[in-house]
Every structure is written in C-alpha cells, then in structure tokens.
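This report refers to the structure that appears directly beneath it.
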Amino acid sequence: MSQMSKSKNPNRGQRHSAAWGKRFGMVLLLLVSQTAFPQNWRSSGQSVGKFAADLAPALERAHQGAAGNETVKVIIRYKQPPQAEHEARVQSLGARLNQRLGVVNALAVTIPVSALPELEADAEIVSVHVDHPLKGMDEYTNAAMNVSAAWSGGYNGSGMAVAVIDSGINPNSYDWYTAAGKLPLRILDHQDFTGASEFNALGIKAYDTYGHGTHVAGIIGGSGNLSDGTITGVAPGVNLIDLRVLDQNGNGDDSEVIAAIQEAIALRSKYNIRVINLSLGRGVYESYTQDPLCQAVESAWKAGIVVVVAAGNYGRVDAFGFDGYGLITAPGNDPYVITVGAMKSNGTLTRTDDTIASYSSKGPTMFDLVVKPDVVAPGNLVVSIADPGSTLFVESPANVVTGRSQNAGPNGSEINTDYFTLSGTSMATPAASGDVALLLQAHPSLTPDQVKARLMKTAYKTFPTSSVAVDPITGQTYTSYYDMFTVGAGYLDIQAALADTSVAPAKVGAALSPNVFYNSSTNMLNIANGNATVAASSVVWGSSVVWGTSVVWGSNVSGMMVLFTDAEILDSNSLQSLSVVWGSSTDLATSVVWGAAVTSPDANFVPVVGEQ
C-alpha cells in the first residue's frame with residue numbers, strides 16, 4: 001500500500017508513520033504449523049510406484065489391512081484429461097469426487113486408504129499425490145519500489161486484471177471504486193472453490209471470512225478513496241478476479257487452488273487476466289516436476305499469465321540447523337513463477353535503509369535446488385483494506401487502522417473505514433503483482449518470461465552485508481545475510497523496469513530460475529539453467545538462458561565462495577549430508593547444513609510475522 005506523498009498532501013508520509021508507530025507490539029502471528037510442515041515433509045522425494053513418497057505410510061497400512069475406515073484426499077493424474085469412465089472407476093472404489101482438474105489431467109478425490117492399491121493397477125493412471133493442505137503466507141511499499149514514477153507516466157494498471165487466489169475479497173469497501181471515487185466496481189468476478197462456510201466470525205454472510213484475501217487485493221489495487229489517497233495499492237486502476245480457496249481459518253487444499261488456477265486460465269481472455277497472485281503455500285514434498293500444484297502454475301504461465309507466488313515465512317526456522325535456507329514453499333519452488341521474499345521499510349520512505357524480513361524463506365528449493373526467491377518486495381507491517389467481521393479482524397483488534405476522508409462517498413460526505421496491518425511474504429507478493437500489472441499496461445506484448453527477466457534484471461541490488469532483526473514480542477534477535485538465496489535478484493524497482501529496453505527471448509521457459517550444482521573440481525556451487533552453466537561475466541540474454549550473475553544478481557551476491565566441509569556431493573536429485581557455508585569470502589557468513597535425517601520443525605514454533 002502506498003506511503004508515497006502526493007502533491008496535494010506533502011505530509012502524508014508523516015501521517016502514516018504516526019499511524020503505524022504504536023502497532024509494533026501486537027502483530028499478527030502466522031503460520032508455521034503441523035499443517036504446513038508435517039513430520040514427513042522433507043521425505044526422500046522418491047515415489048513408490050505410482051504413488052508420491054508421502055503416501056507410502058498410507059499405502060503400507062492398506063497392504064497390511066490396517067487402514068480400517070480411514071480415508072485420504074488425493075490427486076490422481078491420468079495420461080489424458082479424465083473422462084466419465086475414469087470418474088466412475090474411482091467412485092466404484094468408494095471415492096468421493098472433490099474437483100475435476102483438467103489443467104493437470106487429474107481428479108481430486110477422497111478415497112478409502114484400503115482402496116489405494118487398486119489405483120496402482122489402473123493403466124490410465126500416471127501418478128497419485130496427497131491433496132496437501134495449505135495456508136495463506138502472510139508503508140512505504142510504493143516508495144521503496146518507485147511506484148510514483150509509473151503513476152506519473154500514466155500507468156495505474158488500468159485494463160489489466162489480476163486473479164487473486166486467496167480467501168476471497170470483501171467488495172464492501174469504497175476503495176474498490178476508481179481513484180476518482182466513481183463506478184465501476186473493479187472486482188469483476190467472485191467464485192468460491194472451498195465449499196466452506198460463507199459466514200464470518202460475526203455470523204454475517206461474506207465473500208471473505210478470513211480477511212487475508214481482501215488485504216492482499218488492497219495491496220495490489222486499492223484506490224485509497226477512504227484514506228484520501230494515503231493508503232493506495234500499487235496499481236489502483238487494475239481489475240480484480242476473486243477466486244476463493246481459503247476458508248475462514250485460512251486453510252485450503254491443493255485441489256482447490258488448482259481448480260482456481262484452471263478457472264483463471266479459462267477466464268483469461270474474458271477479463272484480460274495477465275497476473276495470478278498466490279499469497280499462499282505449503283511444504284515441498286517432491287520435485288516440482290511431479291507436484292500437481294506446480295504443474296498447474298506452469299500451465300497458467302504457458303497460457304500467458306504471470307504467476308506471482310509467496311516465498312514463505314520460514315526464514316527463522318532453525319530446527320534443521322540451516323537457518324531457514326532451503327525452506328521456500330510450494331508452488332514458489334517452481335522455476336517458472338516469480339517467487340517473492342519480504343523486505344522491511346524500517347519506518348522511512350527511502351529504500352536505502354530497508355532490510356530483509358528475518359522470517360522470509362530462503363532458497364535453494366528442496367529437491368531441485370532452484371535459486372529462489374527471484375526478487376524481494378516490501379512485506380512487513382503493511383496497511384491495506386480491512387474486512388470487518390473476518391477472523392483476522394476480530395482476533396487481532398490491535399492491527400486495525402482507521403482511515404478518514406472528506407472526499408470519499410457518493411455525496412462527498414466523510415466516511416470512516418478500517419484498514420488493517422499484516423506482515424509476511426503474503427504482503428510482498430501482491431506488491432510484486434501490482435508492479436507486473438503496471439509493466440504490462442506499459443508493454444502489453446511482453447510474455448511472462450520477459451516480464452520476469454525485466455523485473456529481475458532491473459531490481460535494486462545495493463544491500464548491506466548483513467542485518468539484525470528483533471522480535472517485538474520475545475526480544476530474540478535474528479541475523480540475515482544478503483546472498484542470492486535470501487534476496488534473489490534484488491529489490492523490485494518498477495521505475496527501472498519501465499525505463500529498461502532490453503527484452504528476453506519470447507519463448508516459454510526463457511527465464512526459468514536457474515539451479516545450483518556442485519562442481520567437484522572447484523569445490524564450489526555453480527549456477528546453471530538446463531545443461532548450460534552461466535558464467536559470472538556472461539551477458540544478460542543468451543540463446544538458452546537469461547541469467548548473467550554479475551548483471552542479474554549484482555556484485556554483492558554473485559561469485560560467492562561456497563565451502564564444503566565433507567566429501568559428500570550435492571546434486572540436483574538429492575540433498576546429501578554436508579555443510580555448505582555461504583559468504584562473500586571465506587568468512588563463514590552463514591552456515592547451511594543439510595542433514596541426512598531431519599525431523600519436522602517444532603510444531604509449536606510460530607514466527608512473528610512483523611518485526612522491529
């Protein structure tokens with residue numbers, strides 16, 4: 001949301017600082033839970049026949065006749081889009097159909113565990129996966145990304161549509177009208193994929209019973225009418241498509257998200273949907289090449305839609321002994337999408353003192369070792385549109401911010417409305433989606449890969465070596481380092497992206513996030529995309545890859561020394577038992593340990609999403 005001052009109100013930034021100054025003490029706590037990272041989340045990733053690795057315990061119980069009446073939600077992928085006979089076949093096994101997911105040639109069903117072995121014999125079935133639960137990943141935002149330059153150039157996202165796949169959008173805010181306070185309402189469509197209650201915490205029927213999606217949508221495209229333009233989204237002219245997949249507690253399933261992605265693809269031409277925002281995620285259980293959720297986001301990307309995904313809020317998790325590295329969530333682990341980490345404004349309009357949020361998940365990705373996040377954007381203590389009566393609003397009253405405007409309302413009368421403060425990579429993601437909408441309005445012919453490459457190349461790359469964050473509740477401190485697995489290619493800068501004239505290849509996959517691999521001859525990790533190693537001195541656009549590390553990531557995050565302390569090999573297929581030390585030199589800046597046998601994070605550990 002905007003903290004930019006406009007000419008009509010030069011003190012607006014100061015007013016916002018005062019409004020937020022008292023809110024550091026009670027910040028919403030989100031999201032490490034047993035649901036997000038169950039005990040077997042870091043399994044071997046090796047399938048058992050047609051079954052994903054995390055189905056192995058259920059399959060064993062089935063073979064032993066010990067499953068009883070137990071059921072499991074699964075996604076069954078077929079060789080072709082499933083037909084009526086495929087549905088009839090699984091229903092004959094006692095399965096209940098939950099979703100038809102043609103975008104990934106799949107059916108989502110709830111099936112008796114005892115029936116799982118029957119699926120192995122079906123020649124039409126390619127693979128079977130757990131229908132994983134997931135959750136939402138929960139200013140000075142616009143100032144940090146130089147959004148005012150886009151506005152001054154006449155770009156506000158008008159004509160573009162962003163599909164917000166989240167907990168819904170409450171349409172009862174005057175900030176969904178145009179910046180001039182006039183019709184039309186910019187939420188063009190509402191669809192609900194949850195089958196959950198439509199009544200919020202106050203017992204009122206609502207589009208968004210959790211409050212997360214409304215806040216996310218406001219960061220993308222709130223007009224600021226109810227705050228006299230103080231609290232304004234990145235692209236205040238953009239249209240929004242509301243696809244609800246999270247219930248009143250912020251919970252959802254893979255199949256619901258895949259169904260929503262499928263619908264966004266179907267509606268692309270009708271509404272000119274150019275962006276999908278996914279401020280949600282879950283643990284990584286297998287390679288992105290096998291994960292149905294990742295395959296769905298790739299389908300959207302290949303259909304011409306830029307997919308922007310939260311990196312996750314696990315940067316503080318140290319239960320595995322590697323300081324939050326390797327904990328990018330799915331589908332942010334997919335190399336096609338733009339994966340976004342969170343920065344902090346630290347209470348100023350200038351970005352030169354901004355620092356990484358310690359909770360922001362770091363790469364590389366589990367199993368595939370993809371370099372993530374791709375970029376970072378403001379995500380800490382962000383004020384956006386509230387959803388009164390939603391679960392978050394009712395449970396976190398200290399996060400409420402009241403806005404007043406003499407200019408809002410159909411009759412020009414004063415209207416009081418509530419805004420809300422949230423933090424997390426969930427909030428950084430819509431900031432990036434808004435930037436994408438602005439760039440596409442200016443250059444509508446750009447492909448998703450060209451958008452991604454442009455944003456990464458032009459990202460602001462000046463960072464400190466390290467920074468220290470303080471948990472406002474516990475007082476615990478966290479030290480972060482600014483390598484490519486923490487800040488990606490840098491801090492989004494829409495002014496620089498609009499001014500840049502370079503264009504990546506138009507082909508799909510031209511801007512895949514690269515992998516890292518171990519080079520035994522140099523004892524270092526190298527960056528590669530496909531089979532081509534990218535040298536640090538290479539140009540930005542190559543014939544098969546777009547990454548030149550010195551240009552895309554910057555001198556302070558490229559050419560880093562990587563030291564290996566034992567003889568095990570780290571490759572793209574497995575994470576072996578070794579210690580990896582990332583640093584700008586041999587100063588052992590940050591230790592990252594991949595253990596051979598790792599248990600789940602403490603189920604009671606919850607990071608503070610919002611920090612000083």
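Within each chain, counting starts at residue 1; across the structure tokens, chains are named A, B, ... in the order shown, with ligands numbered 1 upward in that order.
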Counting only C-alpha atoms, which residues of segment 209-228 of chain A sit at most 12 Å from some atom of segment 394-399 of chain A, and what is each one's closest atom pair with its distance in Å to one decimal, listed by chain and rising residue number, as a tab-separated table?
```
residue	atom	partner	partner_atom	distance
A:Thr209	CA	A:Val394	CA	10.6
A:Tyr210	CA	A:Val394	CA	9.6
A:Gly211	CA	A:Val394	CA	9.6
```
- Close residues, Lys372 of chain A itself excluded, 8 Å, only C-alpha atoms, min 5 positions apart in chain, as a list in words: Ala311, Ile328, Asn333, Thr339, Lys362, Gly363, Pro364, Thr365, Met484, Phe485, Thr486, Gly488 and Ser513 of chain A
- Query: Out of A:Asp131, A:Asp435, A:Glu198, A:Asp189, which residue has the shortest atom-to-atom distance to Ile338 of chain A when counting only C-alpha atoms?
  - Reply: A:Asp435
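Atom CA of Leu185 of chain A lies 22.9 Å from atom CA of Pro444 of chain A.
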8 Å contact set for Leu438 of chain A, only C-alpha atoms, chain neighbours under 4 positions out, as a compact mmCIF listing (two decimals) with C-alpha atoms, in the first residue's frame:
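Generated output (result.txt):
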```txt
# COMPACT_ATOMS: atom_id res chain seq x y z
CA ALA A 150 4.83 4.67 -13.00
CA TYR A 155 0.31 3.78 -15.59
CA ASN A 156 -2.04 2.56 -12.85
CA GLY A 157 -2.85 -0.97 -14.05
CA ALA A 235 -1.91 -0.49 -9.33
CA GLY A 434 0.94 -4.73 -8.78
CA ALA A 442 3.01 -0.09 -20.41
CA ILE A 494 9.21 -0.51 -11.28
```
- Message: With only C-alpha atoms as the counted atoms, please give the residues lying no more than 8 Å from segment 278-295 of chain A, apart from itself and same-chain residues fewer than 2 positions off, as number ranges by chain.
- Response: A: 36-37, 41-46, 52-54, 75, 104, 129, 132-138, 164-166, 216, 254-255, 257-258, 276, 297-299, 307-310, 312, 327-334, 366-368, 425-427, 429-430
- Task: Using DSSP on the backbone, list every residue of segment 112-179 of chain A that comes out as strand (DSSP E or B), and give them as a ChimeraX atom specification.
- Result: /A:112,125-130,133-136,161-166
Suppose we keep C-alpha atoms; can you now write the selection as a PDB file, in the first residue's frame?
```pdb
ATOM      1  CA  PRO A 112     -10.608 -45.107   1.331  1.00  0.00           C
ATOM      2  CA  ILE A 125      -3.202 -43.501 -14.040  1.00  0.00           C
ATOM      3  CA  VAL A 126       0.222 -41.844 -14.188  1.00  0.00           C
ATOM      4  CA  SER A 127       0.661 -40.837 -10.543  1.00  0.00           C
ATOM      5  CA  VAL A 128      -1.164 -40.330  -7.247  1.00  0.00           C
ATOM      6  CA  HIS A 129      -0.385 -37.435  -4.882  1.00  0.00           C
ATOM      7  CA  VAL A 130      -1.611 -36.237  -1.494  1.00  0.00           C
ATOM      8  CA  PRO A 133      -3.426 -28.669   2.906  1.00  0.00           C
ATOM      9  CA  LEU A 134      -2.006 -25.175   2.612  1.00  0.00           C
ATOM     10  CA  LYS A 135      -2.425 -21.758   4.194  1.00  0.00           C
ATOM     11  CA  GLY A 136      -2.066 -18.074   3.405  1.00  0.00           C
ATOM     12  CA  ALA A 161      -6.823  -7.939 -14.455  1.00  0.00           C
ATOM     13  CA  VAL A 162      -5.223  -9.827 -11.571  1.00  0.00           C
ATOM     14  CA  ALA A 163      -6.722 -13.104 -10.345  1.00  0.00           C
ATOM     15  CA  VAL A 164      -6.424 -13.147  -6.552  1.00  0.00           C
ATOM     16  CA  ILE A 165      -6.473 -16.798  -5.458  1.00  0.00           C
ATOM     17  CA  ASP A 166      -6.880 -16.437  -1.721  1.00  0.00           C
TER      18      ASP A 166
END
```
- Query: Running DSSP on the backbone, which parts of segment 141-237 of chain A land in helix (DSSP H, G or I), as number ranges by chain?
  - Reply: A: 141-144, 147-152, 174-176, 212-221, 225-227
For C-alpha atoms, I'd like the residues from the last selection saved as a PDB file, in the first residue's frame.
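The result, written out as again-v8.pdb:
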```
ATOM      1  CA  THR A 141       5.686  -0.035  -0.019  1.00  0.00           C
ATOM      2  CA  ASN A 142       5.218   2.109  -3.102  1.00  0.00           C
ATOM      3  CA  ALA A 143       8.076   4.418  -2.184  1.00  0.00           C
ATOM      4  CA  ALA A 144      10.513   1.512  -1.978  1.00  0.00           C
ATOM      5  CA  VAL A 147       5.769   3.310  -7.969  1.00  0.00           C
ATOM      6  CA  SER A 148       5.163   7.077  -8.202  1.00  0.00           C
ATOM      7  CA  ALA A 149       7.253   7.130 -11.381  1.00  0.00           C
ATOM      8  CA  ALA A 150       4.830   4.671 -13.005  1.00  0.00           C
ATOM      9  CA  TRP A 151       1.845   6.732 -11.873  1.00  0.00           C
ATOM     10  CA  SER A 152       3.468   9.906 -13.204  1.00  0.00           C
ATOM     11  CA  TYR A 174     -15.217   2.209  -1.307  1.00  0.00           C
ATOM     12  CA  ASP A 175     -11.578   1.551  -2.190  1.00  0.00           C
ATOM     13  CA  TRP A 176     -12.721  -0.843  -4.926  1.00  0.00           C
ATOM     14  CA  HIS A 212      -6.423 -12.271   4.162  1.00  0.00           C
ATOM     15  CA  GLY A 213      -7.549 -12.033   0.530  1.00  0.00           C
ATOM     16  CA  THR A 214      -9.113  -8.594   0.995  1.00  0.00           C
ATOM     17  CA  HIS A 215      -5.862  -7.284   2.446  1.00  0.00           C
ATOM     18  CA  VAL A 216      -3.843  -8.850  -0.383  1.00  0.00           C
ATOM     19  CA  ALA A 217      -6.157  -7.418  -3.050  1.00  0.00           C
ATOM     20  CA  GLY A 218      -5.909  -3.974  -1.483  1.00  0.00           C
ATOM     21  CA  ILE A 219      -2.120  -4.012  -1.801  1.00  0.00           C
ATOM     22  CA  ILE A 220      -2.497  -4.815  -5.482  1.00  0.00           C
ATOM     23  CA  GLY A 221      -5.249  -2.387  -6.388  1.00  0.00           C
ATOM     24  CA  ASN A 225     -10.584   6.605  -1.564  1.00  0.00           C
ATOM     25  CA  LEU A 226     -11.274   6.024   2.117  1.00  0.00           C
ATOM     26  CA  SER A 227      -7.919   7.406   3.265  1.00  0.00           C
TER      27      SER A 227
END
```
Can you check which parts of segment 298-404 of chain A lie within 7 Å of segment 445-463 of chain A? Per residue, the shortest pair of atoms and distance in Å to one decimal, counting only C-alpha atoms, sorted by chain and number, as CSV.
```
residue,atom,partner,partner_atom,distance
A:Trp301,CA,A:Pro448,CA,6.5
A:Gly304,CA,A:Pro448,CA,6.1
A:Ile305,CA,A:Pro448,CA,6.3
A:Val306,CA,A:Pro448,CA,4.9
A:Ile338,CA,A:Lys452,CA,6.5
A:Asp374,CA,A:Met456,CA,6.9
A:Val375,CA,A:Met456,CA,6.5
```
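Candidate residues A:Ala201, A:Gly49, A:Asn105, A:Asn249 were compared for distance to Lys79 of chain A, and the nearest is A:Asn105, using only C-alpha atoms.
For Ser360 of chain A, the list of residues within 10 Å, based on only C-alpha atoms and with local chain neighbours fewer than 4 positions off taken out, reads Ala310, Ala311, Gly312, Asn313, Tyr314, Gly315, Arg316, Gly324, Tyr325, Leu327, Ile328, Val340, Gly341, Ala342, Met343, Ile356, Pro373, Val376, Gly379, Asn380, Gly424, Thr425, Ala428, Ser480, Thr486, Val487 and Val609 of chain A.
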- Message: Give me the residues near Val400 of chain A as a PyMOL selection string, where near means some atom within 8 Å (using only C-alpha atoms) and where sequence neighbours in that chain fewer than 4 positions away do not count.
- Response: chain A and resi 386+393+396+418-421
Please produce a file of those selected residues containing N, CA and C atoms, as a PDB file, in the first residue's frame.
```pdb
ATOM      1  N   ALA A 386      -9.183  -3.539   5.233  1.00  0.00           N
ATOM      2  CA  ALA A 386      -9.651  -4.497   6.235  1.00  0.00           C
ATOM      3  C   ALA A 386     -10.963  -5.129   5.795  1.00  0.00           C
ATOM      4  N   PHE A 393      -9.597  -9.936  11.488  1.00  0.00           N
ATOM      5  CA  PHE A 393     -10.018  -8.646  12.020  1.00  0.00           C
ATOM      6  C   PHE A 393     -10.500  -8.787  13.462  1.00  0.00           C
ATOM      7  N   SER A 396      -7.507  -9.917  15.930  1.00  0.00           N
ATOM      8  CA  SER A 396      -6.334  -9.044  16.062  1.00  0.00           C
ATOM      9  C   SER A 396      -6.746  -7.576  16.042  1.00  0.00           C
ATOM     10  N   ASP A 418     -12.062   1.117   8.299  1.00  0.00           N
ATOM     11  CA  ASP A 418     -10.934   0.473   8.944  1.00  0.00           C
ATOM     12  C   ASP A 418     -10.006  -0.141   7.913  1.00  0.00           C
ATOM     13  N   TYR A 419      -8.725   0.111   8.114  1.00  0.00           N
ATOM     14  CA  TYR A 419      -7.667  -0.591   7.409  1.00  0.00           C
ATOM     15  C   TYR A 419      -7.017  -1.538   8.409  1.00  0.00           C
ATOM     16  N   PHE A 420      -6.058  -2.311   7.942  1.00  0.00           N
ATOM     17  CA  PHE A 420      -5.539  -3.376   8.777  1.00  0.00           C
ATOM     18  C   PHE A 420      -4.063  -3.580   8.472  1.00  0.00           C
ATOM     19  N   THR A 421      -3.280  -3.936   9.478  1.00  0.00           N
ATOM     20  CA  THR A 421      -1.847  -4.177   9.324  1.00  0.00           C
ATOM     21  C   THR A 421      -1.548  -5.670   9.341  1.00  0.00           C
TER      22      THR A 421
END
```
- Item | Two-atom distance - atom CA of Gly195 of chain A, atom CA of Ala108 of chain A (Å) | 14.1 Å
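When atom CA of Asp242 of chain A is paired with atom CA of His190 of chain A, their separation reads 4.7 Å.
Comparing the minimum interatomic distances between Gly94 of chain A and each of A:Ser173, A:Asn251, A:Gln80, A:Asn69, counting only C-alpha atoms, we find that A:Asn69 sits nearest.
When only C-alpha atoms are used to compute distances to Asp483 of chain A, the closest of the residues A:Val371, A:Ala303, A:Ile385, A:Ile265 turns out to be A:Val371.
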- Taking only C-alpha atoms into account, which of A:Gln91, A:Leu439, A:Pro378, A:Thr232 comes nearest Ala499 of chain A? A:Leu439
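Distance check against Val382 of chain A using only C-alpha atoms: of A:Ser114, A:Asn170, A:Ser361, A:Ser423, the minimum falls on A:Ser423.
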